[in-house]
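Q: Pasting a structure here, questions to come.
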Amino acid sequence: MAGQQSEPRITVDLPVRMWGMTADGHPFSQHARAQNISADGALLSGVENELKVGDVIGVQCDDKKTRCTVIWVMNTGPIKKNQVGVKLLADQECPWKTYLPVQNATVTVLPSNRRRWPRHKISFPIELRDERINTPMRINATDVSGNGCYVETILPLPVGTTLRVDFYLENQHIRVTAVIRTCDPGVGNGIEFTGMPLEGKQQFQAYLDGIDPQMGISGTKSE
């Protein structure tokens, strides 16, 4: 995710309405709260239904409506229900613009660097579990290699947090331990697959190289 920029986020408590399709394909419409917003996304809490990462939903704030992509989902229990991270579609106007500061300075997320394992800028579905609370979070990694990945989340975990990571290589279920190595507040986490043996990392890297042979276009290179 070298060179990517993100709008600063502010903490709020705004009533919103959201609608779309649930993870199991049923239509829904409900009221929720936007508790963390920026010009290109938000954290929505109190979501009653389970949503699917990658789906597009509608969100209304005051009298302004927009369309957003679900980028992560976390089950926070019966009180807060689900929390959902959403990102506005490229052609959509920000519905909570009036609640943002007039000046929105952008910040660099991660510096450009060289890595031993070539990273692929693809959308790769994984499930993360914090070993301390064992709460699953289904999310799409956006920068993936055999050694780790980067995940976008408005509420990143602290550096050093131990995770259990589950994903599939075609029909093969992979489950490994991992550690949070970088934390970018309001943006995401860099994750290292510490519990994956070298041959497993090589197998995963070969799989990624096979499904995304043009990884050199992204600008990330191996050491």
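Ligands are numbered from 1 in the order shown, chains are lettered A, B, ... in the order of the structure tokens, and residues start at 1 in each chain.
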Residues at most 7 Å from segment 154-167 of chain A, counting only C-alpha atoms, excluding those fewer than 5 positions away in the same chain, as a list in words?
A: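 Selected residues are Leu43, Gly85, Pro125, Ile126, Glu127, Leu128, Arg129, Asp130, Glu131, His173, Ile174, Arg175, Val176, Thr177, Ala178, Val179, Ile180, Arg181, Thr182, Cys183, Asp184, Pro185, Gly186, Val187, Gly188 and Asn189 of chain A.
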Q: Looking at only C-alpha atoms, which of A:Ala39, A:Cys149, A:Ile139, A:Met18 is the one that sits closest to Val73 of chain A?
A: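 Distance minimum relative to Val73 of chain A lands on A:Ile139.
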Q: Which residues are close to segment 198-203 of chain A, i.e. within 12 Å by only C-alpha atoms, leaving aside same-chain residues fewer than 5 positions away? Reply as a tab-separated table (two decimals) with C-alpha atoms, in the first residue's frame.
A:
```tsv
chain	number	residue	atom	x	y	z
A	116	ARG	CA	11.64	-10.02	0.56
A	117	TRP	CA	8.21	-11.35	-0.38
A	118	PRO	CA	6.57	-9.61	-3.38
A	144	VAL	CA	-0.84	-9.77	0.41
A	145	SER	CA	2.32	-11.91	0.27
A	146	GLY	CA	3.39	-15.31	1.51
A	147	ASN	CA	4.75	-13.68	4.65
A	148	GLY	CA	1.84	-11.46	5.62
A	149	CYS	CA	-0.75	-8.92	4.54
A	169	LEU	CA	-6.23	-21.61	-1.01
A	172	GLN	CA	-7.50	-25.96	1.23
A	174	ILE	CA	-5.30	-22.58	6.06
A	175	ARG	CA	-5.16	-21.60	9.74
A	176	VAL	CA	-2.05	-19.90	11.15
A	192	GLU	CA	3.03	-11.07	9.70
A	193	PHE	CA	2.20	-14.80	9.45
A	208	LEU	CA	-0.54	-15.43	-5.27
A	209	ASP	CA	1.99	-15.18	-8.09
A	210	GLY	CA	-0.24	-17.50	-10.12
```
Q: Let's see if you can do this: from backbone DSSP, list all alpha helix (DSSP H) residues in segment 5-219 of chain A, as a ChimeraX atom specification.
A: /A:198-211
Q: Any idea what's packed within 12 Å of Tyr99 of chain A, counting only C-alpha atoms, ignoring anything in its chain fewer than 4 positions away? Could you give it as a compact mmCIF listing (two decimals) with N, CA and C atoms, in the first residue's frame?
A:
```txt
# COMPACT_ATOMS: atom_id res chain seq x y z
N ARG A 9 -9.69 11.00 10.10
CA ARG A 9 -11.01 10.63 10.61
C ARG A 9 -11.29 11.36 11.91
N ILE A 10 -12.57 11.65 12.16
CA ILE A 10 -12.97 12.30 13.41
C ILE A 10 -14.04 11.46 14.07
N THR A 11 -14.08 11.54 15.41
CA THR A 11 -15.06 10.80 16.19
C THR A 11 -16.35 11.60 16.30
N VAL A 12 -17.48 10.94 16.00
CA VAL A 12 -18.79 11.59 16.05
C VAL A 12 -19.80 10.58 16.58
N ASP A 13 -21.05 10.96 16.63
CA ASP A 13 -22.14 10.04 16.95
C ASP A 13 -23.36 10.51 16.16
N LEU A 14 -23.40 10.15 14.88
CA LEU A 14 -24.44 10.64 13.98
C LEU A 14 -25.47 9.55 13.68
N ALA A 34 -23.20 6.45 12.95
CA ALA A 34 -21.86 6.65 12.40
C ALA A 34 -21.01 7.23 13.53
N GLN A 35 -19.96 6.52 13.92
CA GLN A 35 -19.18 6.93 15.08
C GLN A 35 -17.76 7.35 14.74
N ASN A 36 -17.39 7.19 13.49
CA ASN A 36 -16.05 7.58 13.05
C ASN A 36 -16.17 7.87 11.57
N ILE A 37 -15.88 9.10 11.14
CA ILE A 37 -16.14 9.47 9.75
C ILE A 37 -14.93 10.16 9.12
N SER A 38 -14.87 10.08 7.81
CA SER A 38 -13.91 10.84 7.02
C SER A 38 -14.60 11.18 5.71
N ALA A 39 -13.90 11.85 4.82
CA ALA A 39 -14.50 12.22 3.54
C ALA A 39 -14.72 11.01 2.64
N CYS A 61 -27.38 10.12 5.60
CA CYS A 61 -27.09 10.98 6.75
C CYS A 61 -27.83 12.29 6.52
N ASP A 62 -28.70 12.66 7.47
CA ASP A 62 -29.59 13.81 7.26
C ASP A 62 -30.42 13.53 6.00
N CYS A 94 -19.90 12.70 -0.39
CA CYS A 94 -19.87 12.39 1.04
C CYS A 94 -21.12 12.96 1.72
N PRO A 95 -21.95 12.11 2.37
CA PRO A 95 -23.20 12.60 2.97
C PRO A 95 -23.01 13.32 4.30
N GLN A 103 -10.73 21.97 6.37
CA GLN A 103 -9.47 21.55 5.79
C GLN A 103 -9.25 20.08 6.09
N ASN A 104 -9.12 19.26 5.04
CA ASN A 104 -8.87 17.82 5.20
C ASN A 104 -7.49 17.48 4.67
```
Q: From the set A:Ala42, A:Val151, A:Pro15, A:Val47, which residue has the shortest atom-to-atom contact distance to Ser29 of chain A, counting only C-alpha atoms?
A: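 Ranked by minimum distance to Ser29 of chain A, first place goes to A:Val47.
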Q: What lies within 8 Å of Gly46 of chain A using only C-alpha atoms, ignoring chain neighbours under 4 positions off, as number ranges by chain?
A: A: 32-33, 80-83
Q: With C-alpha atoms retained, write the just-selected residues as a CSV table (one decimal), in the first residue's frame.
A:
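Saved the output as out12.csv:
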```
chain,number,residue,atom,x,y,z
A,32,ALA,CA,-27.6,2.9,12.9
A,33,ARG,CA,-24.9,5.3,14.2
A,80,LYS,CA,-23.2,-3.1,20.2
A,81,LYS,CA,-24.2,-5.7,17.7
A,82,ASN,CA,-22.1,-5.5,14.4
A,83,GLN,CA,-19.7,-2.8,13.5
```
Q: Please return as a PyMOL selection string: the residues of chain A that backbone DSSP assigns to strand (DSSP E).
A: chain A and resi 5-6+10-21+27-38+41-47+56-61+64-75+82-88+107-108+124-130+136-145+148-152+162-169+172-184+188-192
Q: Report, in Å to a single decimal, how far apart atom CA of Asp212 of chain A and atom CA of Asp40 of chain A are.
A: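 It comes out at 27.1 Å.
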Q: Pick out the closest residue to Thr76 of chain A from this set: A:Val56, A:Ala141, A:Ala206, A:Ile133. Count only C-alpha atoms.
A: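 The shortest atom-to-atom distance to Thr76 of chain A comes from A:Ile133.
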Q: Which of these residues is nearest to Val86 of chain A, using only C-alpha atoms: A:Glu170, A:Asp63, A:Glu152, A:Asp143?
A: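 Selected residue with least distance to Val86 of chain A: A:Glu152.
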Q: Write out as a PDB file with C-alpha atoms, in the first residue's frame which residues come within 7 Å of Val53 of chain A when counting only C-alpha atoms, dropping same-chain ones fewer than 2 positions away.
A:
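Final output, selection_33.pdb:
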```
ATOM      1  CA  LEU A  51     -23.171  -8.007   6.017  1.00  0.00           C
ATOM      2  CA  ASP A  55     -21.100  -5.741  -1.036  1.00  0.00           C
ATOM      3  CA  VAL A  70     -18.449  -2.808   2.959  1.00  0.00           C
ATOM      4  CA  ILE A  71     -14.713  -3.175   3.675  1.00  0.00           C
ATOM      5  CA  TRP A  72     -14.839  -4.983   7.032  1.00  0.00           C
ATOM      6  CA  VAL A  73     -17.340  -6.444   9.507  1.00  0.00           C
ATOM      7  CA  ILE A 139     -12.199  -8.710   6.018  1.00  0.00           C
ATOM      8  CA  ASN A 140     -10.473  -8.481   2.660  1.00  0.00           C
TER       9      ASN A 140
END
```
Q: When distances are computed from only C-alpha atoms, which of A:Arg138, A:Arg132, A:Lys97, A:Lys121 shows the smallest separation from Thr153 of chain A?
A: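 Going through A:Arg138, A:Arg132, A:Lys97, A:Lys121 one by one, the smallest distance to Thr153 of chain A is for A:Arg138.
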Q: Excluding Gly25 of chain A and any residue of its chain fewer than 2 positions from it, enumerate the residues within 12 Å of it, using only C-alpha atoms, and give them as an MDAnalysis selection string.
A: chainID A and resid 20:23 27:28 49:52 55
Q: Can you spit out the residues from that selection as a tab-separated table (two decimals), in the first residue's frame, using C-alpha atoms?
A:
```tsv
chain	number	residue	atom	x	y	z
A	20	GLY	CA	-29.11	-3.18	1.13
A	21	MET	CA	-28.73	-6.96	1.19
A	22	THR	CA	-27.59	-9.07	4.14
A	23	ALA	CA	-24.84	-11.69	3.89
A	27	PRO	CA	-33.03	-7.12	1.94
A	28	PHE	CA	-32.67	-4.96	5.04
A	49	ASN	CA	-27.67	-7.77	10.28
A	50	GLU	CA	-24.59	-9.63	9.15
A	51	LEU	CA	-23.17	-8.01	6.02
A	52	LYS	CA	-20.76	-9.33	3.43
A	55	ASP	CA	-21.10	-5.74	-1.04
```
